[in-house]
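> Please find one structure pasted underneath; my questions will follow.
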Amino acid sequence: MSMRKEEATKRGFRRTLSRATMREAAGRAFRKRRFMLFLPLLDQVLASQDSCRILDIGGELDYWTNVEGMLGERRIHVTLLNLVPFAVSDARFAFVTGDARDLGQFADMSFDVVHSNSVIEHVGRWEDMGAMAREVRRLAPIYFVQRPYFWFPIEPHNSTAFFHWMPEPVRVSMLMRKPRGHWGKAPDVDTAMRQIQSAVLLDFPMLLTLFPDATIKRERVFGMTKSLIAIRENR
């Protein structure tokens, strides 16, 4: 490789790394801001009992580690539910495997709060999302479910402006040409289609239909709605 090509490759790598770092930093900032809306729900529970039982659907320990300083002295126990098992050594956390669409291993109202961050768009199509929503509403009197907003111009998984508004054949072609955001370059149509259909975004009326007893909060950036949060408070 010539010196010129090698330097161009290094510059491209640095730009890619820089963009990834900025996306991760922005994601952490949004999660912390979002958590400020979640804390009052915990306080509702802790006002009347010693501890709060939380089910985090699609939860990962890193998420809670990053916001740990915001929890203060709040007494919580978090059950992290995911498809892929991982080790948990902190006594405040437990891990279980499960499918968000069918959580029959838990009885009704087994928890005080259900939390889910950017998960429901990954469980499948409308029927699948409806199944997850019913489980969320069944398992706790309080829930907090966040998801990206369809009408925000940049889809968070591929970080490409207007990508998710385009017809699927166009998106397949684009994804096969180069990697986009968290998605690698697709080697074939099958891989591209699976990646594209792995995230299904909704608008405001759709989310309210899934969670009719919720208040829908908007997360905004530069005045535009970036994501929606369905919140049901204790009644």
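As shown in the structure tokens, the chain order sets the letters A, B, ...; within each chain, residues go from 1, and ligands are also counted from 1 in the order they appear.
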Give me the residues near segment 138-145 of chain A as an MDAnalysis selection string, where near means some atom within 9 Å (using only C-alpha atoms) and where sequence neighbours in that chain fewer than 2 positions away do not count.
chainID A and resid 38 41 54:55 103 106:120 133:136 147 214 228:235
> Which one is closest to His122 of chain A: A:Pro40, A:Gly58, A:Pro179, A:Gly184? Count only C-alpha atoms.
A:Gly58
> In Å, with one decimal, what is the gap from atom CA of Arg218 of chain A to atom CA of Met206 of chain A?
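Interatomic distance here is 14.0 Å.
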> Select, from A:Lys178, A:Lys185, A:Arg194, A:Arg220, the residue with the minimum atom-to-atom distance to Gly124 of chain A, counting only C-alpha atoms.
A:Arg194
> Would you please work out which residue, of A:Arg171, A:Arg101, A:Arg125, A:Lys226, is nearest to Ala186 of chain A when using only C-alpha atoms?
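For Ala186 of chain A, the nearest of the candidates is A:Arg171.
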> Find the residues around segment 65-81 of chain A up to 7 Å (only C-alpha atoms counted), leave out those fewer than 6 positions away in its own chain, and share them as a PyMOL selection string.
chain A and resi 32+51-59+92-98
> Point out the residue among A:Thr160, A:Glu121, A:Glu168, A:Gln197 with the least atom-to-atom distance to Arg180 of chain A, counting only C-alpha atoms.
A:Thr160
